[in-house]
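One structure below.
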Amino acid sequence: MEIIELVLDSNDDMSGIEAISVVESPATESDFIVLKSQEIQLAQVDTEKRILMGVALIPDKHIYRKDGDREYYIFFSKETVNLASQLYLKQSKQSSATLEHESKIKDMTVVESWIVENPNMDKSKHYGLNVPQGTWMVSMKVDNEKIWNEFVKTGKVKGFSIEGYFADKVQMNTKIKDVEDLTENEAEDLYKKIIDAIEKK
């Protein structure tokens, strides 16, 4: 199966993260933690902070995708994850949020953004999340009453998912050792990508 690395071009104004969406099924397969108060023991809280903390991107994690009959995986390198986190702030996208990648929602703001340097000493570990080095973490303040009451508190949304513009380059699965092993569709896709790359150069 095709494996595609998504990359960013820091010189392209269109490249980068457009929004962070709150979704039921995050592609990173990592749910966010609902921070309700200053207390570490979340079950023993009284005052709600209305902050969601979770994964925005995990480096080198293969994420399954299907477009029609085409099945493939995408992934982001540590360098791309780091660049994505920087461009997101540089382009002032902190208040760009959506629900399930469809409806734009107001009063949702990213208030913290960081790259995990040491998984064992990171803030994410403190709250019970086990993520690899290079993961992009965010904390989002939810001042939207409807989103908080109808989606967060009810568990309808469980994590974050990014929206952005990336370029891609093809990597073939290690199981494919020769051109003869490609299916007709895989060969056609690879051919088109090679021609496109040549034309762009």
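In the structure tokens, chains take the letters A, B, ... in the order shown, each chain's residues start at 1, and ligands count up from 1 in the order shown.
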> Which polymer residues have any atom within 12 Å of an atom of Ser96 (chain A), counting only C-alpha atoms, with same-chain residues fewer than 6 positions away left out, as a PyMOL selection string?
Replying inline: chain A and resi 17-22+88-89+103-110+140+162-164
> From the list A:Val157, A:Val55, A:Ile198, A:Val152, which residue is nearest His101 (chain A) when using only C-alpha atoms?
Replying inline: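 Nearest candidate to His101 (chain A) out of A:Val157, A:Val55, A:Ile198, A:Val152: A:Val157.
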> How many Å separate CA of Val142 (chain A) from CA of Arg50 (chain A)?
Replying inline: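 So the two atoms, CA of Val142 (chain A) and CA of Arg50 (chain A), lie 5.4 Å apart.
Comparing the minimum interatomic distances between Asp189 (chain A) and each of A:Leu6, A:Glu71, A:Ala27, A:Gly54, counting only C-alpha atoms, we find that A:Glu71 sits nearest.
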> Which residues come within 10 Å of Phe151 (chain A), counting only C-alpha atoms, excluding same-chain residues fewer than 6 positions away, as a list of chain:residue names?
Replying inline: A:Val22, A:Val23, A:Glu24, A:Leu99, A:Glu145, A:Val157, A:Lys158
> Residues of region 54-145 of chain A in strand (DSSP E) according to DSSP, as number ranges by chain?
Replying inline: A: 54-57, 63-67, 70-75, 97-99, 103-105, 108-115, 136-142
Need the shell around Gln133 (chain A): protein/DNA/RNA residues with any atom at most 10 Å away, counting only C-alpha atoms. Skip same-chain ones fewer than 4 positions apart. Format as a short mmCIF file (atom, residue, chain, number, x, y, z; two decimals) with N, CA and C atoms, in the first residue's frame?
```
data_model
loop_
_atom_site.label_atom_id
_atom_site.label_comp_id
_atom_site.auth_asym_id
_atom_site.auth_seq_id
_atom_site.Cartn_x
_atom_site.Cartn_y
_atom_site.Cartn_z
N ILE A 58 1.33 13.65 15.63
CA ILE A 58 2.34 12.71 16.11
C ILE A 58 3.29 12.40 14.96
N PRO A 59 4.59 12.56 15.15
CA PRO A 59 5.52 12.31 14.04
C PRO A 59 5.63 10.82 13.70
N LYS A 78 9.25 14.40 12.04
CA LYS A 78 9.43 15.29 13.19
C LYS A 78 9.65 16.74 12.74
N ILE A 115 6.08 21.34 21.61
CA ILE A 115 6.61 20.09 21.08
C ILE A 115 7.18 19.29 22.24
N VAL A 116 6.82 18.04 22.31
CA VAL A 116 7.30 17.17 23.38
C VAL A 116 8.77 16.84 23.15
N GLU A 117 9.62 17.27 24.07
CA GLU A 117 11.06 17.01 23.96
C GLU A 117 11.44 15.74 24.73
N ASN A 118 10.91 15.62 25.93
CA ASN A 118 11.19 14.44 26.76
C ASN A 118 9.85 13.85 27.21
N PRO A 119 9.41 12.76 26.60
CA PRO A 119 8.09 12.18 26.91
C PRO A 119 7.89 11.85 28.39
N ASN A 120 8.96 11.49 29.09
CA ASN A 120 8.83 11.10 30.50
C ASN A 120 8.69 12.28 31.45
N ASP A 122 7.34 15.40 30.27
CA ASP A 122 6.48 16.37 29.64
C ASP A 122 5.17 16.55 30.41
#
```
> What is the distance, in Å and to one decimal place, between CA of Val81 (chain A) and CA of Asn144 (chain A)?
Replying inline: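 Separation of CA of Val81 (chain A) and CA of Asn144 (chain A): 27.8 Å.
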>> I'd like the interatomic distance between CA of Ser95 (chain A) and CA of Ser25 (chain A), to a tenth of an Å.
In response: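 Spanning CA of Ser95 (chain A) to CA of Ser25 (chain A) is a straight-line distance of 21.3 Å.
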